[in-house]
Structure formats: structure tokens, C-alpha cells
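Quick look at input-v9.txt (compact mmCIF, C-alpha atoms and all ligand atoms):
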# COMPACT_ATOMS: atom_id res chain seq x y z
CA MET A 22 290.51 -139.00 178.03
CA ARG A 23 286.89 -138.79 177.00
CA GLN A 24 284.09 -136.26 177.27
CA VAL A 25 280.50 -137.06 176.38
CA LEU A 26 278.07 -134.23 175.72
CA LYS A 27 274.36 -134.48 175.04
CA VAL A 28 272.23 -132.50 172.61
CA GLN A 29 268.66 -132.49 173.89
CA ILE A 30 266.37 -130.67 171.53
CA SER A 31 263.18 -132.26 172.86
CA ASP A 32 262.19 -135.35 174.85
CA ASN A 33 262.48 -137.60 171.81
CA LYS A 34 265.18 -135.75 169.91
CA GLU A 35 268.55 -136.19 171.57
CA TYR A 36 272.01 -137.52 170.72
CA LEU A 37 275.47 -137.86 172.16
CA ILE A 38 278.74 -136.30 171.13
CA ASP A 39 281.74 -138.37 172.07
CA ILE A 40 285.03 -136.43 172.25
CA SER A 41 288.12 -138.59 172.78
CA ASP A 42 291.76 -139.18 172.04
CA SER A 43 291.29 -142.96 171.69
CA ASN A 44 293.68 -144.85 169.47
CA PHE A 45 292.15 -145.80 166.14
CA ALA A 46 291.74 -149.50 167.01
CA LYS A 47 289.49 -148.56 169.93
CA PHE A 48 287.81 -145.81 167.97
CA ASN A 49 286.70 -148.06 165.12
CA GLN A 50 285.63 -150.80 167.52
CA GLU A 51 283.22 -148.27 169.07
CA MET A 52 281.97 -147.05 165.70
CA PHE A 53 281.47 -150.57 164.37
CA GLU A 54 279.67 -151.57 167.55
CA TYR A 55 277.40 -148.55 167.19
CA THR A 56 276.41 -149.38 163.59
CA LYS A 57 276.22 -153.17 164.09
CA GLY A 58 273.63 -154.78 161.81
CA GLN A 59 273.39 -151.72 159.55
CA LYS A 60 274.63 -151.31 156.00
CA ARG A 61 276.95 -148.32 155.86
CA LEU A 62 277.75 -145.74 153.23
CA VAL A 63 280.86 -143.90 154.38
CA VAL A 64 281.37 -140.57 152.64
CA MET A 65 285.02 -139.82 153.25
CA SER A 66 287.11 -136.81 152.30
CA LYS A 67 289.85 -137.67 149.82
CA LYS A 68 292.55 -136.23 152.10
CA VAL A 69 291.28 -138.26 155.06
CA TYR A 70 291.09 -141.38 152.89
CA LYS A 71 294.76 -141.01 151.97
CA LEU A 72 295.84 -140.51 155.59
CA TYR A 73 293.47 -142.71 157.56
CA ALA A 74 291.68 -145.29 155.37
CA LYS A 75 293.76 -148.13 156.83
CA ASP A 76 293.33 -146.98 160.43
CA LEU A 77 289.60 -146.55 160.06
CA ASN A 78 289.25 -150.00 158.57
CA PHE A 79 286.00 -149.56 156.60
CA ASP A 80 285.49 -151.86 153.61
CA ASP A 81 286.57 -150.18 150.39
CA ASP A 82 283.17 -151.08 148.89
CA GLU A 83 281.26 -149.04 151.45
CA ILE A 84 283.42 -145.92 151.01
CA TYR A 85 282.58 -143.06 148.68
CA ILE A 86 285.68 -140.88 148.34
CA PHE A 87 284.67 -137.25 148.26
CA PRO A 88 286.85 -134.59 146.59
CA ASP A 89 287.86 -131.79 148.96
CA GLY A 90 286.76 -128.15 148.65
CA GLU A 91 283.62 -126.04 149.03
CA LYS A 92 283.12 -126.00 145.24
CA GLU A 93 282.40 -129.75 145.43
CA LYS A 94 279.36 -129.20 147.66
CA ASN A 95 277.02 -129.19 144.68
CA TYR A 96 273.97 -131.11 143.43
CA GLN A 97 275.99 -133.18 140.95
CA ASN A 98 278.03 -134.66 143.80
CA TYR A 99 274.93 -134.97 145.97
CA LEU A 100 273.35 -137.17 143.26
CA LYS A 101 276.50 -139.27 143.05
CA ILE A 102 276.25 -139.99 146.79
CA ILE A 103 272.58 -140.92 146.44
CA ASN A 104 273.45 -143.22 143.52
CA LYS A 105 276.11 -144.90 145.64
CA ALA A 106 273.50 -145.47 148.39
CA VAL A 107 271.20 -147.07 145.81
CA GLU A 108 274.06 -149.17 144.44
CA LEU A 109 274.88 -150.44 147.96
CA GLY A 110 271.20 -151.23 148.51
CA LEU A 111 270.83 -149.03 151.61
CA THR A 112 267.35 -149.23 153.15
CA ARG A 113 265.58 -147.06 155.72
CA LYS A 114 267.29 -149.05 158.48
CA ASP A 115 270.80 -148.21 157.27
CA VAL A 116 273.23 -145.41 157.84
CA ILE A 117 275.32 -142.77 156.09
CA ILE A 118 278.54 -141.79 157.88
CA ALA A 119 280.42 -138.57 157.09
CA VAL A 120 284.17 -138.67 157.71
CA GLY A 121 285.77 -135.32 156.95
CA GLY A 122 285.36 -131.58 157.36
CA GLY A 123 282.35 -129.30 157.03
CA VAL A 124 281.88 -129.87 153.30
CA VAL A 125 281.64 -133.65 153.64
CA GLY A 126 279.41 -133.38 156.72
CA ASP A 127 277.04 -130.92 155.03
CA ILE A 128 276.59 -132.86 151.78
CA ALA A 129 276.51 -136.34 153.35
CA GLY A 130 274.00 -135.06 155.93
CA PHE A 131 271.83 -133.65 153.15
CA ALA A 132 272.00 -136.99 151.35
CA ALA A 133 271.08 -138.86 154.58
CA SER A 134 268.16 -136.52 155.23
CA THR A 135 266.68 -137.00 151.75
CA TYR A 136 267.55 -140.61 150.88
CA MET A 137 264.31 -142.56 151.34
CA ARG A 138 263.02 -139.47 153.21
CA GLY A 139 265.73 -139.79 155.84
CA ILE A 140 268.01 -142.50 157.20
CA ASP A 141 270.46 -142.58 160.12
CA PHE A 142 273.38 -140.22 159.89
CA ILE A 143 276.65 -140.22 161.85
CA GLN A 144 279.21 -137.43 161.88
CA ILE A 145 282.93 -138.12 162.30
CA PRO A 146 284.46 -134.63 161.98
CA THR A 147 288.15 -134.60 161.12
CA THR A 148 288.80 -130.84 161.11
CA LEU A 149 288.68 -128.39 164.00
CA LEU A 150 285.98 -126.43 162.22
CA SER A 151 283.67 -129.39 161.81
CA ALA A 152 284.39 -130.57 165.37
CA VAL A 153 283.45 -127.27 167.02
CA ASP A 154 280.69 -126.22 164.70
CA SER A 155 279.30 -127.91 161.61
CA SER A 156 279.06 -131.53 162.84
CA VAL A 157 276.68 -130.53 165.64
CA GLY A 158 273.29 -128.91 165.32
CA GLY A 159 271.87 -130.60 162.24
CA LYS A 160 272.48 -128.09 159.45
CA THR A 161 272.95 -129.90 156.14
CA ALA A 162 273.35 -128.23 152.75
CA ILE A 163 274.63 -127.97 149.23
CA ASP A 164 275.52 -124.76 147.36
CA LEU A 165 274.58 -123.16 144.06
CA PRO A 166 277.40 -121.25 142.33
CA ASN A 167 276.22 -117.89 143.72
CA ALA A 168 274.44 -118.96 146.85
CA LYS A 169 276.14 -120.87 149.62
CA ASN A 170 274.04 -123.44 151.58
CA ILE A 171 270.92 -122.40 149.68
CA ILE A 172 269.52 -125.97 149.49
CA GLY A 173 269.43 -127.88 152.75
CA THR A 174 267.65 -129.32 155.75
CA PHE A 175 267.79 -129.36 159.51
CA TYR A 176 268.54 -133.01 160.20
CA GLN A 177 270.22 -134.04 163.44
CA PRO A 178 272.86 -136.79 163.38
CA LYS A 179 272.30 -139.92 165.45
CA LYS A 180 275.74 -139.57 167.01
CA VAL A 181 278.90 -137.48 166.63
CA PHE A 182 282.28 -139.16 167.16
CA ILE A 183 285.10 -136.64 167.59
CA ASN A 184 288.61 -138.04 167.75
CA ILE A 185 291.21 -135.32 168.25
CA ASN A 186 293.98 -137.46 166.71
CA PHE A 187 292.68 -136.36 163.31
CA LEU A 188 293.57 -132.76 164.18
CA GLN A 189 297.27 -133.50 164.50
CA THR A 190 297.67 -133.89 160.72
CA LEU A 191 295.44 -130.98 159.73
CA ASP A 192 297.37 -128.42 157.69
CA GLN A 193 297.90 -125.09 159.46
CA LYS A 194 295.56 -123.21 157.10
CA GLN A 195 292.68 -125.56 157.95
CA TYR A 196 293.55 -125.49 161.65
CA LEU A 197 293.43 -121.69 161.62
CA SER A 198 290.13 -121.85 159.78
CA GLY A 199 288.72 -123.88 162.68
CA LEU A 200 290.12 -121.34 165.12
CA GLY A 201 288.06 -118.73 163.28
CA GLU A 202 284.87 -120.47 164.45
CA VAL A 203 286.38 -121.14 167.89
CA LEU A 204 287.12 -117.43 168.40
CA LYS A 205 283.56 -116.60 167.37
CA TYR A 206 282.26 -118.40 170.47
CA ALA A 207 284.38 -116.15 172.71
CA PHE A 208 282.42 -113.11 171.51
CA ILE A 209 278.97 -114.67 171.96
CA GLU A 210 279.38 -116.67 175.19
CA GLU A 211 277.02 -114.59 177.36
CA SER A 212 274.29 -114.58 174.70
CA CYS A 213 274.25 -118.41 174.52
CA ASN A 214 272.57 -118.67 177.96
CA TYR A 215 274.77 -121.60 178.97
CA ASN A 216 274.18 -122.39 182.64
CA VAL A 217 277.72 -121.77 183.96
CA PRO A 218 280.38 -119.28 182.86
CA LEU A 219 283.10 -120.96 180.80
CA PHE A 220 285.36 -117.91 180.43
CA LEU A 221 286.20 -118.97 176.90
CA PHE A 222 287.59 -115.52 176.03
CA GLU A 223 290.07 -115.83 178.91
CA PHE A 224 290.80 -119.51 178.15
CA LEU A 225 291.67 -118.55 174.57
CA THR A 226 293.85 -115.68 175.76
CA LEU A 227 295.78 -117.69 178.34
CA GLY A 228 295.82 -120.99 176.45
CA CYS A 229 296.95 -119.62 173.07
CA GLU A 230 300.31 -121.36 173.09
CA LYS A 231 298.93 -124.81 173.96
CA ILE A 232 296.10 -124.39 171.49
CA MET A 233 298.52 -123.47 168.72
CA GLU A 234 300.68 -126.49 169.66
CA ARG A 235 297.52 -128.67 169.47
CA GLU A 236 298.16 -130.08 172.93
CA PRO A 237 295.69 -133.01 173.17
CA LEU A 238 294.04 -132.30 176.54
CA THR A 239 293.73 -128.61 175.72
CA LEU A 240 292.09 -129.53 172.40
CA ILE A 241 289.53 -131.75 174.13
CA ARG A 242 288.72 -128.96 176.58
CA LEU A 243 288.52 -126.37 173.81
CA ILE A 244 286.12 -128.48 171.74
CA GLU A 245 284.06 -129.25 174.83
CA TYR A 246 283.72 -125.53 175.71
CA CYS A 247 282.70 -124.52 172.20
CA LEU A 248 280.22 -127.37 171.90
CA ASN A 249 278.70 -126.63 175.30
CA LEU A 250 277.87 -123.19 173.97
CA LYS A 251 276.64 -124.47 170.62
CA ILE A 252 274.49 -127.16 172.24
CA ALA A 253 272.94 -124.60 174.61
CA VAL A 254 271.92 -122.51 171.59
CA VAL A 255 270.66 -125.42 169.47
CA ASN A 256 268.65 -126.84 172.39
CA GLN A 257 266.85 -123.51 172.68
CA ASP A 258 266.36 -122.86 168.97
CA GLU A 259 267.00 -125.78 166.61
CA LYS A 260 265.71 -124.16 163.42
CA GLU A 261 267.20 -120.68 163.75
CA GLY A 262 263.93 -118.90 164.47
CA GLY A 263 265.77 -116.48 166.77
CA LEU A 264 268.62 -117.22 169.17
CA ARG A 265 270.56 -119.54 166.83
CA LYS A 266 271.23 -116.55 164.56
CA ILE A 267 273.93 -115.47 167.03
CA LEU A 268 276.10 -118.32 165.71
CA ASN A 269 276.28 -116.30 162.51
CA LEU A 270 278.53 -113.62 163.98
CA GLY A 271 280.94 -112.66 161.20
CA HIS A 272 279.10 -114.75 158.63
CA THR A 273 277.23 -112.07 156.65
CA LEU A 274 280.43 -110.49 155.37
CA GLY A 275 282.26 -113.84 155.62
CA HIS A 276 279.90 -115.58 153.17
CA ALA A 277 280.06 -112.60 150.81
CA LEU A 278 283.87 -112.77 150.77
CA GLU A 279 283.80 -116.51 150.12
CA THR A 280 281.28 -116.05 147.30
CA ILE A 281 283.00 -113.10 145.60
CA THR A 282 286.25 -115.08 145.53
CA LYS A 283 284.45 -118.24 144.33
CA TYR A 284 285.34 -120.13 147.53
CA LYS A 285 288.98 -120.22 146.40
CA LYS A 286 290.79 -117.44 148.26
CA TYR A 287 289.66 -117.67 151.87
CA THR A 288 288.88 -120.61 154.11
CA HIS A 289 285.50 -120.36 155.83
CA GLY A 290 286.99 -119.54 159.24
CA GLU A 291 289.28 -116.90 157.79
CA ALA A 292 286.34 -115.22 156.04
CA VAL A 293 284.33 -115.34 159.29
CA ILE A 294 287.21 -113.66 161.14
CA TYR A 295 287.20 -110.79 158.61
CA GLY A 296 283.48 -110.54 159.25
CA ILE A 297 284.10 -110.41 163.02
CA PHE A 298 286.68 -107.63 162.60
CA PHE A 299 284.12 -105.68 160.59
CA MET A 300 281.46 -106.15 163.26
CA LEU A 301 283.78 -105.21 166.15
CA ASP A 302 284.78 -102.07 164.30
CA PHE A 303 281.14 -101.25 163.56
CA ALA A 304 280.10 -101.90 167.18
CA TYR A 305 282.86 -99.69 168.56
CA LYS A 306 282.09 -96.82 166.20
CA LYS A 307 278.39 -97.05 167.07
CA GLU A 308 279.36 -97.11 170.77
CA TYR A 309 277.70 -100.51 171.36
CA ILE A 310 280.94 -101.65 173.01
CA LYS A 311 283.52 -99.80 175.09
CA TYR A 312 287.13 -99.21 174.05
CA ALA A 313 288.56 -101.64 176.64
CA TYR A 314 286.53 -104.57 175.25
CA TYR A 315 287.20 -103.54 171.64
CA LYS A 316 290.94 -103.41 172.38
CA SER A 317 291.05 -106.76 174.22
CA SER A 318 289.07 -108.35 171.36
CA MET A 319 291.55 -106.99 168.81
CA ASP A 320 294.43 -108.26 170.97
CA LEU A 321 292.88 -111.73 171.17
CA LEU A 322 292.50 -111.96 167.38
CA ASP A 323 296.02 -110.64 166.92
CA LYS A 324 297.40 -113.30 169.31
CA TYR A 325 296.16 -115.96 166.89
CA GLY A 326 297.70 -114.13 163.94
CA PHE A 327 294.47 -112.67 162.54
CA HIS A 328 294.35 -109.13 161.14
CA PRO A 329 291.60 -107.05 159.49
CA LEU A 330 291.07 -107.49 155.75
CA LYS A 331 293.28 -105.17 153.72
CA LYS A 332 292.04 -106.14 150.28
CA VAL A 333 289.21 -103.99 148.96
CA TYR A 334 286.34 -105.59 147.01
CA PRO A 335 283.71 -103.55 145.11
CA THR A 336 281.21 -102.60 147.80
CA GLU A 337 278.26 -102.83 145.40
CA LYS A 338 279.09 -106.45 144.53
CA ILE A 339 279.53 -107.39 148.19
CA ILE A 340 276.15 -105.85 149.02
CA ASN A 341 274.44 -107.64 146.12
CA ILE A 342 275.72 -110.95 147.43
CA MET A 343 274.63 -110.08 150.98
CA LYS A 344 271.12 -109.31 149.70
CA LYS A 345 270.84 -112.87 148.38
CA ASP A 346 271.95 -114.35 151.71
CA LYS A 347 269.40 -116.47 153.58
CA LYS A 348 269.82 -114.05 156.46
CA ALA A 349 268.61 -111.03 154.44
CA ASN A 350 265.02 -109.86 154.88
CA ALA A 351 263.02 -107.55 152.59
CA ASP A 352 265.32 -104.67 151.67
CA LYS A 353 267.58 -105.00 154.68
CA ILE A 354 270.69 -107.00 155.43
CA THR A 355 271.00 -108.58 158.84
CA PHE A 356 274.15 -108.78 160.91
CA ILE A 357 275.03 -110.13 164.32
CA VAL A 358 276.92 -107.43 166.14
CA PRO A 359 278.73 -107.26 169.51
CA CYS A 360 276.62 -105.14 171.90
CA ASP A 361 278.39 -105.69 175.20
CA LYS A 362 281.22 -107.79 176.60
CA LYS A 363 280.71 -111.35 175.16
CA ASN A 364 277.19 -110.41 174.07
CA VAL A 365 275.76 -109.92 170.61
CA LYS A 366 272.48 -108.81 169.06
CA GLU A 367 270.88 -108.88 165.62
CA ILE A 368 270.58 -105.68 163.59
CA SER A 369 269.17 -104.98 160.14
CA LEU A 370 270.82 -102.38 157.96
CA THR A 371 269.83 -100.81 154.67
CA PRO A 372 272.27 -101.31 151.78
CA ILE A 373 273.22 -97.63 152.09
CA ASP A 374 274.14 -98.09 155.76
CA VAL A 375 276.17 -101.20 154.88
CA GLU A 376 277.99 -99.34 152.12
CA TYR A 377 278.86 -96.56 154.54
CA ALA A 378 280.09 -99.02 157.19
CA LEU A 379 282.20 -100.97 154.67
CA ASN A 380 283.77 -97.78 153.37
CA GLU A 381 284.50 -96.60 156.92
CA GLN A 382 286.27 -99.88 157.67
CA ILE A 383 288.28 -99.71 154.47
CA LYS A 384 289.41 -96.20 155.51
CA SER A 385 290.43 -97.34 158.98
CA VAL A 386 292.69 -100.17 157.74
CA SER A 387 294.24 -98.35 154.78
N1 LIG A 401 277.17 -122.79 161.94
C1 LIG A 401 276.09 -122.10 162.51
C2 LIG A 401 274.99 -122.98 162.98
O1 LIG A 401 275.15 -124.18 163.10
O2 LIG A 401 273.92 -122.48 163.24
For this file, produce the structure as C-alpha cells.
Amino acid sequence: MRQVLKVQISDNKEYLIDISDSNFAKFNQEMFEYTKGQKRLVVMSKKVYKLYAKDLNFDDDEIYIFPDGEKEKNYQNYLKIINKAVELGLTRKDVIIAVGGGVVGDIAGFAASTYMRGIDFIQIPTTLLSAVDSSVGGKTAIDLPNAKNIIGTFYQPKKVFININFLQTLDQKQYLSGLGEVLKYAFIEESCNYNVPLFLFEFLTLGCEKIMEREPLTLIRLIEYCLNLKIAVVNQDEKEGGLRKILNLGHTLGHALETITKYKKYTHGEAVIYGIFFMLDFAYKKEYIKYAYYKSSMDLLDKYGFHPLKKVYPTEKIINIMKKDKKANADKITFIVPCDKKNVKEISLTPIDVEYALNEQIKSVS
């Protein structure tokens, strides 16, 4: 089974996303064919290296094994990747390939976008999160200790190869993290302006069991639905001037939770889900959404085993982190908030309003 999707940002900026369940022999034949005649630097997650290095069949010399974890997405490791590219003698005609999750894709993409002012870049996402979100759309980045993704570029890959076989060995925590981003799309579908209704909310409700079992055809369909929505958004607004901000539903609080816990306690998707709970609660209390939609949203999250955050963090610290977020403007903090069934809008709140809303949510879960 194979699905091919196309990102078409402009007439001369387009690329394909290949989603398949091919066996690895076929998969690497296609990849090797695609990069024929190019020198390759393959930045591969350590976990993926242990599980799949043999199947993927790259030369050991061309592989840079990347340690796993958000804390590794820093400038020291970025420079090590660049040094490896120099050591391998990569030129402007060559290619960097990311094989791994969001962290590997972000840092390898940043290296590809800056090495010799930009060389070809290929994404091979191996987690659900990177398949449905970070491998597509061209965001690349590294972090500073207190500011996630603060250094980065918009740099589109030349191709994205998604092979769902990688997802079968993903640990449950990482799989659930990917589902965090998947569920996000259910709440924003109508705002993406995709040309036909996908009914993702309903698909996620009815297909929960098969999705949790990682049934291959269901996975391909799920990834295809999410990417159709993401592509629609990126095609309309590559550089997040407006519409693309809707992909940040749940991310303002999510990033703050990741930062306050030094990227150690919550996976990205889990933190985003806490952010979505906060926004649904806020939207319902402000009467942006009706009870029936609020309730069915809560039921959907519950079906996947997600519950609102119980742990309380100092509100002042959370707000200080939010103020440093790229999404903050002047004295206000911006959030994407549900405003109707499957629709969201951007709002800016003062720190005092945010403090009030956070305290209200803490009260409602305690
Ligand atoms: N992950 C959000 C975006 O790509 O814009």
C-alpha cells in the first residue's frame, strides 16, 4: 500500500511525501535510487541505528549517530553534524538525510539549510510525531536551554519517505506522544481550509482501537489525513505569517511545560495535549464553544487515555516562559483557542488574564 502526497508551496517549490508499508529491501532501493550520484550524510537516531541500521543498509562511514532526546538539539551537536559533513567532503550537490524523530529531523534540517548555504535534505521520519507533523512543512531548529526552537530556518525537504514499519517498534510513550499531535488536527480541521471534509474527529473516535493496535492500513490512512491538513495549511502560509499559527494549538502551554521540566518529564505530544485541555476549558468557560462539543472533545481525549494536567507549576514561572516564546508579542501572550466545532482562532491575552485562566483550570481539576 502506498500513498503519495504533494506539498506545493509555489510553482517552483514542491515536493512529494511517500507513505508506504514497503519492506525494507524495497524501501532502501527507492531511497538509494533517489539519491544516486550524491554523497550522503545520514543523521540517524541512536535508537533507530540499533534497531534498523542493517535493514537500512547505509555505509557506516556516511552515518552520524545522533543521541536521542530534546536536550541534544543544541548548537554543540549542530556543529558536530556540520563537521561530519566537512569530513565527508559534502558539496552543494550532496544531501543530508534525517532518519529519526522530530529532534533528528529538526537539527539535521537546520544543518542542511546552513551547510554551504543550503544543500538537499531528505526526511525519513521514524516516529508517529515526526510522520504526521515535524517532517513536513520545513521547520528546522535547535534549542537554547531556556528557549525551545529559538534558532532555526524554514527549509523544505526535497522528499519525505514515510515507512510505517518503523512505527511498530516505537515505545508506547513515544507513540502516544505522536497521537498528541494527531488529536490536535481533529480540533483544527475546519480552519485548515482543506478542500474536502475528512471527518478526522469521527475517524479518531471510531478508529481508536485499530489506531491503538497500530493496524498498518489504518496508520497509513491516519498519517495521510493529518498530512492532508498540514499540507493545506503550509501551502497557504509557509512561513507562519497567519494561518499556520493554528498548528500551534496546545503549544503555548505545552512548550512552557516542556521548558519548566527541562524537557525531561513530558514528551512533546503529551505537553501539547495538556495545552489542548487548557484551551478547551478556556474556550468553554468563555462560551466560544458549546457544551456538546466540549464534552465530545473531552471524551475523545479520554478514549486515548489522556487526562488534564493535575500537577501544579508556579503560574509566574509558566508565564515568564510563555513571554519568551516566539509566539508572544509585545506584552501579550498568544494562544490558539477552539472557537467552534473543529475551528480555532488566535487570541492574545495579558499575563494577568493568563494567570487567571491557569488558576481557574487548576481549580477545576483539583
Ligand atoms: N509543528 C507546527 C508547524 O509545523 O507549523
Spatial neighbours of range 101-105 of chain A, max dist 12 Å, only C-alpha atoms, sep filter under 3 positions, as a PyMOL selection string: chain A and resi 61-65+82-88+93-98+108-112+117-119+125+128-140
At most 8 Å from ligand LIG 401 (chain A) (all atoms listed in the file): residue list as a tab-separated table (two decimals) with C-alpha atoms, in the frame of the given file:
chain	number	residue	atom	x	y	z
A	154	ASP	CA	280.69	-126.22	164.70
A	155	SER	CA	279.30	-127.91	161.61
A	157	VAL	CA	276.68	-130.53	165.64
A	158	GLY	CA	273.29	-128.91	165.32
A	159	GLY	CA	271.87	-130.60	162.24
A	160	LYS	CA	272.48	-128.09	159.45
A	251	LYS	CA	276.64	-124.47	170.62
A	255	VAL	CA	270.66	-125.42	169.47
A	261	GLU	CA	267.20	-120.68	163.75
A	265	ARG	CA	270.56	-119.54	166.83
A	266	LYS	CA	271.23	-116.55	164.56
A	267	ILE	CA	273.93	-115.47	167.03
A	268	LEU	CA	276.10	-118.32	165.71
A	269	ASN	CA	276.28	-116.30	162.51
Leu197 in chain A: which residues within 12 Å, counting only C-alpha atoms, same-chain residues fewer than 3 positions away excluded, as a count of residues only? 29
Using all atoms listed in the file, find each residue of range 118-165 of chain A with at least one atom at most 8 Å away from an atom of range 67-71 of chain A; report its shortest atom-to-atom pair and that distance in Å (one decimal), sort the rows by chain and rising residue number, and return the result as a tab-separated table.
residue	atom	partner	partner_atom	distance
A:Val120	CA	A:Val69	CA	7.6
A:Gly121	CA	A:Val69	CA	6.5
A:Thr147	CA	A:Val69	CA	7.7
Would you list the contacts of Ile342 in chain A as a count of residues only, taking every protein, DNA or RNA residue within 12 Å and counting all atoms listed in the file, but skipping same-chain residues closer than 6 positions in sequence? 22
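Minimum distance to His272 in chain A across A:Ser369, A:Ser156, A:Ser41, A:Thr355 (counting all atoms listed in the file) occurs at A:Thr355.
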Give as a PyMOL selection string every residue, naming chains and numbers as the document does, that has an atom within 9 Å of (266.8, -148.6, 160.0), counting only C-alpha atoms. chain A and resi 59+112-116+140-141
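Among the candidate residues A:Gly296, A:Pro178, A:Gly199, A:Gly58, the one lying nearest to Gly122 in chain A is A:Gly199, with distances computed using only C-alpha atoms.
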Which residues, written as a PDB file with C-alpha atoms, keeping the file's coordinate frame, have at least one atom at most 7 Å from range 299-315 of chain A, with only C-alpha atoms counted and residues fewer than 6 positions away on the same chain left out?
ATOM      1  CA  GLY A 271     280.940-112.660 161.200  1.00  0.00           C
ATOM      2  CA  VAL A 358     276.920-107.430 166.140  1.00  0.00           C
ATOM      3  CA  PRO A 359     278.730-107.260 169.510  1.00  0.00           C
ATOM      4  CA  CYS A 360     276.620-105.140 171.900  1.00  0.00           C
ATOM      5  CA  ASP A 361     278.390-105.690 175.200  1.00  0.00           C
ATOM      6  CA  LYS A 362     281.220-107.790 176.600  1.00  0.00           C
ATOM      7  CA  ALA A 378     280.090 -99.020 157.190  1.00  0.00           C
ATOM      8  CA  GLN A 382     286.270 -99.880 157.670  1.00  0.00           C
TER       9      GLN A 382
END
Name the residues in contact with Val153 in chain A at a cut-off of 7 Å, using only C-alpha atoms, excluding same-chain residues fewer than 6 positions from it; report them as a list in words. Val203, Ile244, Cys247 and Leu248 of chain A
I need the residue nearest Leu238 in chain A from this list: A:Asn170, A:Thr56, A:Ser385, A:Asn186. Use only C-alpha atoms for the distance. A:Asn186
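For the set A:Phe53, A:Phe142, A:Tyr215, A:Phe182, the residue with the smallest atom-to-atom gap to Asp39 in chain A is A:Phe182, counting all atoms listed in the file.
A straight line drawn from CA of Arg23 in chain A to CA of Thr161 in chain A is 26.6 Å long.
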Taking (271.6, -98.1, 146.5) as a centre in this file's frame and 10 Å as the limit, can you find every polymer residue with an atom that close, using all atoms listed in the file, and give them as a list in words? Glu337, Ile340, Asn341, Thr371, Pro372, Ile373, Asp374 and Glu376 of chain A
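Each of A:Leu72, A:Tyr246, A:Gly126, A:Ile252 was checked against Leu37 in chain A using only C-alpha atoms; the smallest atom-to-atom distance is that of A:Ile252.
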CA of Lys286 in chain A and CA of Thr190 in chain A are how many Å apart? 21.8 Å
Among listed residues A:Val375, A:Ile368, A:Ile143, A:Leu270, nearest Tyr295 in chain A (using all atoms listed in the file): A:Leu270
For range 244-260 of chain A, supply N, CA and C atoms and report the output as a CSV table (one decimal), keeping the file's coordinate frame.
chain,number,residue,atom,x,y,z
A,244,ILE,N,287.3,-128.0,172.5
A,244,ILE,CA,286.1,-128.5,171.7
A,244,ILE,C,284.9,-128.6,172.7
A,245,GLU,N,285.1,-129.1,173.9
A,245,GLU,CA,284.1,-129.2,174.8
A,245,GLU,C,283.4,-127.9,175.2
A,246,TYR,N,284.2,-126.9,175.4
A,246,TYR,CA,283.7,-125.5,175.7
A,246,TYR,C,282.9,-125.0,174.6
A,247,CYS,N,283.4,-125.1,173.3
A,247,CYS,CA,282.7,-124.5,172.2
A,247,CYS,C,281.4,-125.3,172.0
A,248,LEU,N,281.4,-126.6,172.1
A,248,LEU,CA,280.2,-127.4,171.9
A,248,LEU,C,279.2,-127.2,173.0
A,249,ASN,N,279.7,-126.9,174.2
A,249,ASN,CA,278.7,-126.6,175.3
A,249,ASN,C,277.9,-125.4,174.9
A,250,LEU,N,278.6,-124.4,174.4
A,250,LEU,CA,277.9,-123.2,174.0
A,250,LEU,C,276.9,-123.5,172.8
A,251,LYS,N,277.5,-124.2,171.8
A,251,LYS,CA,276.6,-124.5,170.6
A,251,LYS,C,275.4,-125.3,171.0
A,252,ILE,N,275.6,-126.3,171.8
A,252,ILE,CA,274.5,-127.2,172.2
A,252,ILE,C,273.4,-126.3,173.0
A,253,ALA,N,273.9,-125.4,173.9
A,253,ALA,CA,272.9,-124.6,174.6
A,253,ALA,C,272.1,-123.8,173.6
A,254,VAL,N,272.7,-123.3,172.6
A,254,VAL,CA,271.9,-122.5,171.6
A,254,VAL,C,271.0,-123.4,170.8
A,255,VAL,N,271.5,-124.5,170.3
A,255,VAL,CA,270.7,-125.4,169.5
A,255,VAL,C,269.5,-126.0,170.3
A,256,ASN,N,269.7,-126.3,171.6
A,256,ASN,CA,268.6,-126.8,172.4
A,256,ASN,C,267.5,-125.8,172.5
A,257,GLN,N,267.9,-124.5,172.5
A,257,GLN,CA,266.8,-123.5,172.7
A,257,GLN,C,266.2,-123.2,171.4
A,258,ASP,N,266.9,-123.3,170.3
A,258,ASP,CA,266.4,-122.9,169.0
A,258,ASP,C,267.0,-123.7,167.8
A,259,GLU,N,266.4,-124.9,167.6
A,259,GLU,CA,267.0,-125.8,166.6
A,259,GLU,C,267.0,-125.2,165.2
A,260,LYS,N,265.9,-124.5,164.8
A,260,LYS,CA,265.7,-124.2,163.4
A,260,LYS,C,266.0,-122.7,163.1
